[in-house]
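Participant: Just so it is clear, I am handing over start_8.txt, which has compact mmCIF, C-alpha atoms.
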```txt
# COMPACT_ATOMS: atom_id res chain seq x y z
CA MET M 154 4.62 2.60 17.12
CA ASN M 155 1.87 1.78 19.59
CA LEU M 156 -1.88 1.77 18.99
CA THR M 157 -3.34 4.80 20.71
CA ALA M 158 -6.85 4.82 22.18
CA LYS M 159 -7.92 6.85 19.15
CA ASP M 160 -6.42 4.26 16.77
CA LYS M 161 -8.31 1.46 18.52
CA ASP M 162 -11.59 3.40 18.35
CA THR M 163 -11.06 4.14 14.67
CA VAL M 164 -10.33 0.47 13.94
CA ARG M 165 -13.32 -0.79 15.93
CA THR M 166 -15.70 1.72 14.32
CA PHE M 167 -14.47 1.01 10.80
CA TRP M 168 -14.51 -2.75 11.40
CA ALA M 169 -18.11 -2.59 12.61
CA LYS M 170 -18.99 -0.91 9.32
CA ILE M 171 -17.26 -3.47 7.10
CA SER M 172 -17.37 -6.75 9.02
CA THR M 173 -20.35 -8.15 7.13
CA ASN M 174 -18.15 -8.01 4.01
CA ALA M 175 -15.24 -9.74 5.75
CA GLU M 176 -15.33 -12.89 3.62
CA ASP M 177 -15.37 -10.96 0.34
CA ILE M 178 -12.57 -8.73 1.56
CA GLY M 179 -10.50 -11.80 2.47
CA THR M 180 -11.14 -13.48 -0.89
CA ASP M 181 -10.23 -10.32 -2.81
CA ALA M 182 -7.08 -9.62 -0.73
CA LEU M 183 -5.83 -13.19 -1.08
CA SER M 184 -6.62 -13.23 -4.83
CA ARG M 185 -4.57 -10.08 -5.26
CA LEU M 186 -1.71 -11.49 -3.18
CA LEU M 187 -1.41 -14.52 -5.44
CA VAL M 188 -1.54 -12.44 -8.66
CA VAL M 189 0.53 -9.39 -7.69
CA TYR M 190 3.12 -11.30 -5.62
CA PRO M 191 3.41 -14.65 -7.42
CA GLN M 192 6.11 -15.87 -5.01
CA THR M 193 3.34 -16.27 -2.40
CA LYS M 194 1.88 -19.11 -4.47
CA THR M 195 4.66 -21.28 -3.08
CA TYR M 196 2.66 -21.62 0.14
CA PHE M 197 -0.35 -23.04 -1.67
CA SER M 198 1.11 -25.69 -3.96
CA HIS M 199 -1.38 -28.13 -2.45
CA TRP M 200 -4.37 -26.22 -3.87
CA LYS M 201 -5.92 -27.29 -7.15
CA ASP M 202 -6.95 -23.80 -8.21
CA LEU M 203 -5.05 -20.61 -7.38
CA SER M 204 -7.05 -18.30 -9.65
CA PRO M 205 -8.77 -15.20 -8.20
CA GLY M 206 -12.01 -16.10 -6.42
CA SER M 207 -11.54 -19.87 -6.69
CA ALA M 208 -13.05 -22.17 -4.03
CA PRO M 209 -9.83 -22.69 -2.01
CA VAL M 210 -9.07 -18.95 -2.23
CA LYS M 211 -12.56 -18.06 -0.97
CA LYS M 212 -12.36 -20.55 1.89
CA HIS M 213 -8.93 -19.39 2.97
CA GLY M 214 -9.77 -15.70 2.56
CA ALA M 215 -12.63 -16.23 5.03
CA THR M 216 -10.29 -18.03 7.45
CA VAL M 217 -7.78 -15.17 7.35
CA MET M 218 -10.44 -12.51 7.91
CA ALA M 219 -11.87 -14.48 10.84
CA GLY M 220 -8.40 -14.11 12.33
CA VAL M 221 -8.49 -10.36 11.68
CA ALA M 222 -11.93 -10.14 13.33
CA ASP M 223 -10.52 -11.97 16.33
CA ALA M 224 -7.64 -9.49 16.45
CA VAL M 225 -10.07 -6.55 16.47
CA ALA M 226 -11.84 -8.10 19.46
CA LYS M 227 -8.50 -8.59 21.23
CA ILE M 228 -7.04 -5.26 20.17
CA ASP M 229 -6.13 -4.35 23.76
CA ASP M 230 -3.66 -7.25 24.04
CA LEU M 231 -2.76 -8.67 20.66
CA ARG M 232 0.31 -10.51 21.92
CA ALA M 233 -1.67 -12.60 24.37
CA GLY M 234 -4.78 -12.80 22.21
CA LEU M 235 -3.01 -14.11 19.12
CA LEU M 236 -0.62 -16.47 20.92
CA SER M 237 -1.99 -19.71 19.50
CA LEU M 238 -2.18 -18.21 16.00
CA SER M 239 1.43 -17.16 16.37
CA GLU M 240 2.41 -20.69 17.34
CA LEU M 241 0.54 -22.03 14.32
CA HIS M 242 2.37 -19.66 11.94
CA ALA M 243 5.75 -20.18 13.60
CA PHE M 244 5.85 -23.94 14.01
CA THR M 245 3.39 -25.40 11.52
CA LEU M 246 2.86 -22.96 8.65
CA ARG M 247 6.28 -21.30 8.83
CA VAL M 248 5.19 -18.42 6.62
CA ASP M 249 8.07 -15.98 6.16
CA PRO M 250 6.97 -12.93 8.18
CA ALA M 251 7.77 -10.62 5.26
CA ASN M 252 4.55 -11.91 3.73
CA PHE M 253 2.44 -10.43 6.55
CA LYS M 254 3.37 -6.96 5.28
CA VAL M 255 2.47 -7.85 1.74
CA LEU M 256 -0.91 -9.34 2.69
CA SER M 257 -1.65 -6.28 4.85
CA HIS M 258 -0.96 -4.04 1.84
CA ASN M 259 -3.45 -6.02 -0.23
CA ILE M 260 -6.07 -5.83 2.52
CA LEU M 261 -5.63 -2.04 2.49
CA VAL M 262 -5.99 -1.95 -1.32
CA VAL M 263 -9.26 -3.92 -1.05
CA LEU M 264 -10.53 -1.58 1.67
CA ALA M 265 -9.78 1.33 -0.70
CA THR M 266 -11.57 -0.24 -3.67
CA SER M 267 -14.58 -1.34 -1.61
CA PHE M 268 -15.00 1.62 0.74
CA PRO M 269 -13.47 4.60 -1.11
CA ASN M 270 -15.36 7.20 0.92
CA ASP M 271 -14.87 5.59 4.33
CA PHE M 272 -11.20 4.67 3.85
CA THR M 273 -9.98 8.19 4.61
CA PRO M 274 -6.29 8.92 5.36
CA GLU M 275 -7.15 8.86 9.08
CA VAL M 276 -8.77 5.41 8.84
CA HIS M 277 -5.91 4.26 6.59
CA VAL M 278 -3.23 5.12 9.15
CA ALA M 279 -5.15 3.43 11.99
CA MET M 280 -5.74 0.27 9.94
CA ASP M 281 -2.11 0.20 8.75
CA LYS M 282 -0.89 0.49 12.35
CA PHE M 283 -3.36 -2.19 13.45
CA LEU M 284 -2.35 -4.68 10.74
CA SER M 285 1.32 -4.02 11.53
CA ALA M 286 0.60 -4.76 15.20
CA VAL M 287 -1.20 -7.97 14.21
CA ALA M 288 1.78 -9.00 12.07
CA LEU M 289 4.11 -8.33 14.99
CA ALA M 290 1.95 -10.43 17.33
CA LEU M 291 1.89 -13.24 14.75
CA SER M 292 5.70 -13.19 14.56
CA GLU M 293 6.09 -13.49 18.37
CA LYS M 294 6.84 -17.21 18.51
CA TYR M 295 9.08 -17.44 15.43
CA ARG M 296 12.40 -17.38 17.28
CA MET J 57 15.99 -2.26 -19.42
CA VAL J 58 12.50 -3.23 -18.32
CA ALA J 59 10.29 -5.28 -20.63
CA TRP J 60 6.69 -4.15 -21.06
CA SER J 61 4.02 -6.18 -22.80
CA ASP J 62 1.55 -4.36 -25.05
CA GLN J 63 -1.12 -5.02 -22.46
CA GLU J 64 0.96 -3.48 -19.67
CA ARG J 65 1.66 -0.36 -21.75
CA SER J 66 -2.00 0.09 -22.54
CA ILE J 67 -3.01 -0.41 -18.89
CA ILE J 68 -0.58 2.29 -17.72
CA THR J 69 -1.44 4.83 -20.43
CA SER J 70 -5.15 4.20 -19.89
CA ILE J 71 -4.94 4.73 -16.11
CA PHE J 72 -3.01 7.99 -16.47
CA SER J 73 -5.14 9.35 -19.31
CA ASN J 74 -8.20 9.06 -17.06
CA LEU J 75 -6.61 10.89 -14.13
CA ASP J 76 -7.10 14.46 -13.01
CA TYR J 77 -3.52 15.22 -11.94
CA ASN J 78 -4.73 18.16 -9.84
CA ASP J 79 -6.89 15.80 -7.83
CA VAL J 80 -4.97 12.54 -7.57
CA GLY J 81 -1.53 14.09 -7.00
CA PRO J 82 -2.51 16.11 -3.94
CA LYS J 83 -4.63 13.23 -2.58
CA ALA J 84 -1.65 10.86 -2.73
CA LEU J 85 0.77 13.33 -1.11
CA ILE J 86 -1.74 14.27 1.61
CA ARG J 87 -2.33 10.60 2.38
CA CYS J 88 1.42 9.98 2.57
CA LEU J 89 1.95 12.85 5.04
CA ILE J 90 -0.90 11.56 7.25
CA VAL J 91 -0.23 7.82 7.07
CA TYR J 92 3.57 8.18 7.33
CA PRO J 93 3.97 11.39 9.35
CA TRP J 94 7.78 11.27 9.36
CA THR J 95 7.64 12.18 5.66
CA GLN J 96 6.62 15.67 6.79
CA ARG J 97 10.30 16.27 7.50
CA TYR J 98 10.82 17.24 3.86
CA PHE J 99 8.14 19.92 3.92
CA ALA J 100 9.19 22.10 6.84
CA SER J 101 9.04 25.20 4.62
CA PHE J 102 5.48 24.48 3.46
CA GLY J 103 3.71 26.04 6.44
CA ASN J 104 1.08 24.50 8.68
CA LEU J 105 1.13 20.68 8.69
CA TYR J 106 0.15 20.30 12.34
CA ASN J 107 -2.87 18.06 11.81
CA ALA J 108 -4.75 16.19 9.10
CA ASP J 109 -7.07 19.13 8.31
CA ALA J 110 -4.14 21.53 7.98
CA ILE J 111 -2.39 19.13 5.62
CA LYS J 112 -5.53 18.64 3.53
CA THR J 113 -6.04 22.40 3.05
CA ASN J 114 -2.40 23.46 2.65
CA PRO J 115 -2.01 25.10 -0.79
CA ASN J 116 1.72 24.29 -1.01
CA ILE J 117 0.93 20.59 -0.56
CA GLN J 118 -1.78 20.86 -3.20
CA ALA J 119 0.67 22.41 -5.69
CA HIS J 120 3.40 19.92 -4.89
CA GLY J 121 1.12 16.91 -5.24
CA THR J 122 0.20 18.06 -8.73
CA LYS J 123 3.88 18.61 -9.55
CA VAL J 124 4.75 15.06 -8.48
CA LEU J 125 2.10 13.60 -10.73
CA HIS J 126 3.32 15.60 -13.71
CA GLY J 127 6.73 14.13 -12.93
CA LEU J 128 5.20 10.64 -13.13
CA ASP J 129 3.71 11.59 -16.48
CA ARG J 130 7.25 11.76 -17.87
CA ALA J 131 7.76 8.13 -16.95
CA VAL J 132 4.46 7.18 -18.62
CA LYS J 133 5.62 8.90 -21.81
CA ASN J 134 9.07 7.24 -21.71
CA MET J 135 8.31 3.77 -20.40
CA ASP J 136 11.16 2.20 -22.35
CA ASP J 137 13.84 4.19 -20.58
CA ILE J 138 12.59 5.49 -17.29
CA LYS J 139 16.08 5.19 -15.84
CA THR J 140 17.57 7.77 -18.22
CA THR J 141 14.46 9.96 -18.13
CA TYR J 142 14.75 10.19 -14.34
CA ALA J 143 18.54 10.55 -14.02
CA GLU J 144 18.35 14.30 -13.33
CA LEU J 145 15.39 13.91 -10.98
CA SER J 146 17.31 11.25 -9.08
CA VAL J 147 20.29 13.59 -8.65
CA LEU J 148 17.90 16.35 -7.52
CA HIS J 149 16.27 14.15 -4.86
CA SER J 150 19.66 12.96 -3.63
CA GLU J 151 21.91 16.01 -3.79
CA LYS J 152 19.52 18.89 -3.32
CA LEU J 153 16.41 17.56 -1.57
CA HIS J 154 18.21 14.88 0.49
CA VAL J 155 15.19 12.55 0.43
CA ASP J 156 15.70 9.07 1.89
CA PRO J 157 14.82 6.82 -1.07
CA ASP J 158 12.73 4.56 1.18
CA ASN J 159 10.17 7.36 1.08
CA PHE J 160 9.56 6.84 -2.63
CA LYS J 161 7.96 3.48 -1.88
CA LEU J 162 5.73 5.05 0.80
CA LEU J 163 4.39 7.64 -1.65
CA ALA J 164 4.01 4.95 -4.32
CA ASP J 165 1.90 2.84 -1.93
CA CYS J 166 -0.31 5.85 -1.14
CA LEU J 167 -0.76 6.55 -4.85
CA THR J 168 -1.80 2.91 -5.33
CA ILE J 169 -4.43 3.31 -2.59
CA VAL J 170 -5.75 6.54 -4.17
CA ILE J 171 -6.00 4.92 -7.62
CA ALA J 172 -7.65 1.83 -6.07
CA ALA J 173 -10.25 4.04 -4.37
CA LYS J 174 -10.90 5.85 -7.64
CA MET J 175 -11.21 2.76 -9.83
CA GLY J 176 -13.03 0.50 -7.35
CA SER J 177 -13.65 -2.96 -8.75
CA GLY J 178 -12.07 -1.77 -12.00
CA PHE J 179 -8.74 -1.97 -10.19
CA THR J 180 -8.45 -5.70 -10.84
CA PRO J 181 -5.58 -7.84 -9.52
CA GLU J 182 -3.97 -7.79 -12.99
CA ILE J 183 -4.22 -4.01 -13.25
CA GLN J 184 -2.86 -3.70 -9.70
CA ALA J 185 0.11 -5.90 -10.64
CA THR J 186 0.91 -3.75 -13.70
CA PHE J 187 0.51 -0.47 -11.81
CA GLN J 188 2.74 -1.67 -8.98
CA LYS J 189 5.34 -2.89 -11.52
CA PHE J 190 5.35 0.57 -13.12
CA LEU J 191 5.74 2.32 -9.74
CA ALA J 192 8.53 -0.10 -8.74
CA VAL J 193 10.46 0.86 -11.89
CA VAL J 194 9.90 4.57 -11.14
CA VAL J 195 11.03 4.13 -7.52
CA SER J 196 14.14 2.24 -8.62
CA ALA J 197 15.03 4.91 -11.23
CA LEU J 198 14.64 7.70 -8.67
CA GLY J 199 17.09 5.93 -6.38
CA LYS J 200 19.65 5.13 -9.07
CA GLN J 201 21.87 8.24 -8.78
CA TYR J 202 22.23 8.12 -4.99
CA HIS J 203 25.74 7.44 -3.78
```
How would this structure read if it were set down as C-alpha cells?

Facilitator:
Amino acid sequence: MNLTAKDKDTVRTFWAKISTNAEDIGTDALSRLLVVYPQTKTYFSHWKDLSPGSAPVKKHGATVMAGVADAVAKIDDLRAGLLSLSELHAFTLRVDPANFKVLSHNILVVLATSFPNDFTPEVHVAMDKFLSAVALALSEKYR
Amino acid sequence: MVAWSDQERSIITSIFSNLDYNDVGPKALIRCLIVYPWTQRYFASFGNLYNADAIKTNPNIQAHGTKVLHGLDRAVKNMDDIKTTYAELSVLHSEKLHVDPDNFKLLADCLTIVIAAKMGSGFTPEIQATFQKFLAVVVSALGKQYH
C-alpha cells in the first residue's frame, strides 16, 4: 500500500493547515493513548505524572509531533529519512511496534475532534496511509 | 459477561440518545468504504461505488448505514448481554453475508472517528475509552458465532 502522488499532496496540504497546532495535537493524542490503552503507560514509568495534559505528556507530545513533521518533509523517502529515528526506537526505546498503530489511531481521533470539517474521508485515508508508512519506516531497524 | 460501571452506561446511552442515526450511520459506512476500499467487496449489488462522490451519494449506502446504526441501538438497549442479543446477527454475518470479522473493527474505528468529529472536545479521553470498550464488545459478539 504505497503513498501515491495524490496521497502525498493531500498530506502536505492538510499538514500545512494544522501544523501550528502540532504540539496540542501531540499532547491530546498522547493523553488519549495513556487513558484509552493503559498498557502503554508501561513505557513511561519514569514520569511523575501520566495524567492527560501533564507537563511530561505535553513535552513528549511535542517531541512526537516534531517527528511527524519531519516525516511530512521527508515523505518522498521515509525509510531513509527516518533511519536514525528507527534506530532509536529499535535499539534504545524498544517500543513494541504494535503501539505505533495505536498511537496513529489516537492521532486520527484528535484530527477528527479538532478539524471535523477538514478531516474528510479523503484526508482520513491519506493520513492513515501516511501514518502507516511512518510506522513501517520506524520498524525498519527492529530485526 | 462484561461489567459496566454506572458511569460507562450513562456515557453510552447519552452518546446514542444525541445521535441522528440517519446522519451518523451513513457517514460511518461511507468513511469505511473510502478509507478501507476493500470493504466495498460486500456491496457489489449496491450500484455505483466507483469513487468517493459516488459512494457519498449512493442511496443504498445511505439506507444501509442507517440500518447498521439501528442494529447498534439494540446493543445499547441490552448492554448486559450483547452476546446473546447479537447471536442471530452473528450467524447472519457469517453464514449469509460471509463478512470477514476483521471488517467489524474497521467500521467501528470509522464510527469512532465520526463521533469524535461530531463531539469535538466533548469526546474526552475517558469518553473515548468507554465508547471504544462498547464497540469492542459489539465487535466480539458479532464474531462469536463464526466457525

Participant: How many Å lie between CA of Ser146 in chain J and CA of Leu198 in chain J, rounded to one decimal?

Facilitator: 4.5 Å

Participant: Hey, list the chain M side of the contact with chain J: 7 Å cut-off, only C-alpha atoms, answer as a PDB file with C-alpha atoms, in the frame of the given file.

Facilitator:
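File part12.pdb, as written:
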```
ATOM      1  CA  ARG M 185      -4.570 -10.080  -5.260  1.00  0.00           C
ATOM      2  CA  VAL M 188      -1.540 -12.440  -8.660  1.00  0.00           C
ATOM      3  CA  VAL M 189       0.530  -9.390  -7.690  1.00  0.00           C
ATOM      4  CA  VAL M 262      -5.990  -1.950  -1.320  1.00  0.00           C
ATOM      5  CA  ALA M 265      -9.780   1.330  -0.700  1.00  0.00           C
ATOM      6  CA  THR M 266     -11.570  -0.240  -3.670  1.00  0.00           C
ATOM      7  CA  SER M 267     -14.580  -1.340  -1.610  1.00  0.00           C
ATOM      8  CA  PRO M 269     -13.470   4.600  -1.110  1.00  0.00           C
ATOM      9  CA  PRO M 274      -6.290   8.920   5.360  1.00  0.00           C
ATOM     10  CA  HIS M 277      -5.910   4.260   6.590  1.00  0.00           C
ATOM     11  CA  VAL M 278      -3.230   5.120   9.150  1.00  0.00           C
TER      12      VAL M 278
END
```

Participant: Would you mind telling me which residue in J:Thr95, J:Thr113, J:Thr140, J:Thr69 lies nearest to Asp158 in chain J when using all atoms listed in the file?

Facilitator: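 Checking each candidate against Asp158 in chain J, we get J:Thr95 as the closest.
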
Participant: At a cut-off of 8 Å, using only C-alpha atoms, what residues contact range 224-236 of chain M? Leave out same-chain residues fewer than 2 positions from it and give the result as a list in words.

Facilitator: Lys161, Val164, Arg165, Trp168, Gly220, Val221, Ala222, Leu238, Ser239, Glu240, Ala286, Val287, Ala290, Leu291, Glu293 and Lys294 of chain M

Participant: So for range 107-110 of chain J, what box centre and size do we get, axis-aligned, 3 Å extra on each of the six sides, every listed atom, Å to one decimal, as AutoDock Vina command-line options?

Facilitator:
```
--center_x -5.0 --center_y 18.9 --center_z 9.9 --size_x 10.2 --size_y 11.3 --size_z 9.8
```

Participant: Can you tell me which residues surround Ala119 in chain J at a distance of at most 12 Å, considering only C-alpha atoms, apart from same-chain residues fewer than 2 positions away, and format the answer as a list of chain:residue names?

Facilitator: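 Within the cut-off, the hits are J:Tyr77, J:Asn78, J:Asp79, J:Val80, J:Gly81, J:Pro82, J:Lys83, J:Leu85, J:Ile86, J:Phe102, J:Lys112, J:Thr113, J:Asn114, J:Pro115, J:Asn116, J:Ile117, J:Gly121, J:Thr122, J:Lys123, J:Val124, J:Leu125, J:His126.
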
Participant: Need to verify the contact set: Met135 in chain J, 12 Å, all atoms listed in the file, exclusion of same-chain residues closer than 4 positions in sequence. Can you return it as JSON, numbers by chain?

Facilitator: {"J": [57, 58, 59, 60, 61, 62, 64, 65, 66, 68, 69, 128, 129, 130, 131, 139, 140, 141, 142, 189, 190, 191, 193, 194, 197]}

Participant: So what do you get for CA of Pro157 in chain J versus CA of Gly127 in chain J, distance-wise?

Facilitator: 16.1 Å

Participant: Using all atoms listed in the file, can you tell me which of J:Ile111, J:Val195, J:Ala100, J:Ile71 comes closest to Ala143 in chain J?

Facilitator: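 The closest residue to Ala143 in chain J is J:Val195.
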
Participant: Which distance in Å separates CA of Thr180 in chain M and CA of His213 in chain M, to one decimal?

Facilitator: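 Interatomic distance here is 7.4 Å.
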
Participant: Got a sec: who's within 12 Å of Thr173 in chain M, counting only C-alpha atoms, leaving out chain neighbours fewer than 3 positions off, as a PyMOL selection string?

Facilitator: chain M and resi 167-170+176-179+215+218-219+222

Participant: With all atoms listed in the file as the basis for distance, which of J:Ser196, J:Gln118, J:Asn159, J:Asn107 is at the shortest distance from Ile138 in chain J?

Facilitator: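 Nearest candidate to Ile138 in chain J out of J:Ser196, J:Gln118, J:Asn159, J:Asn107: J:Ser196.
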
Participant: Using only C-alpha atoms, which of the listed residues (M:Val276, M:Val248, M:Leu261, M:Ile171) sits closest to Lys194 in chain M?

Facilitator: M:Val248
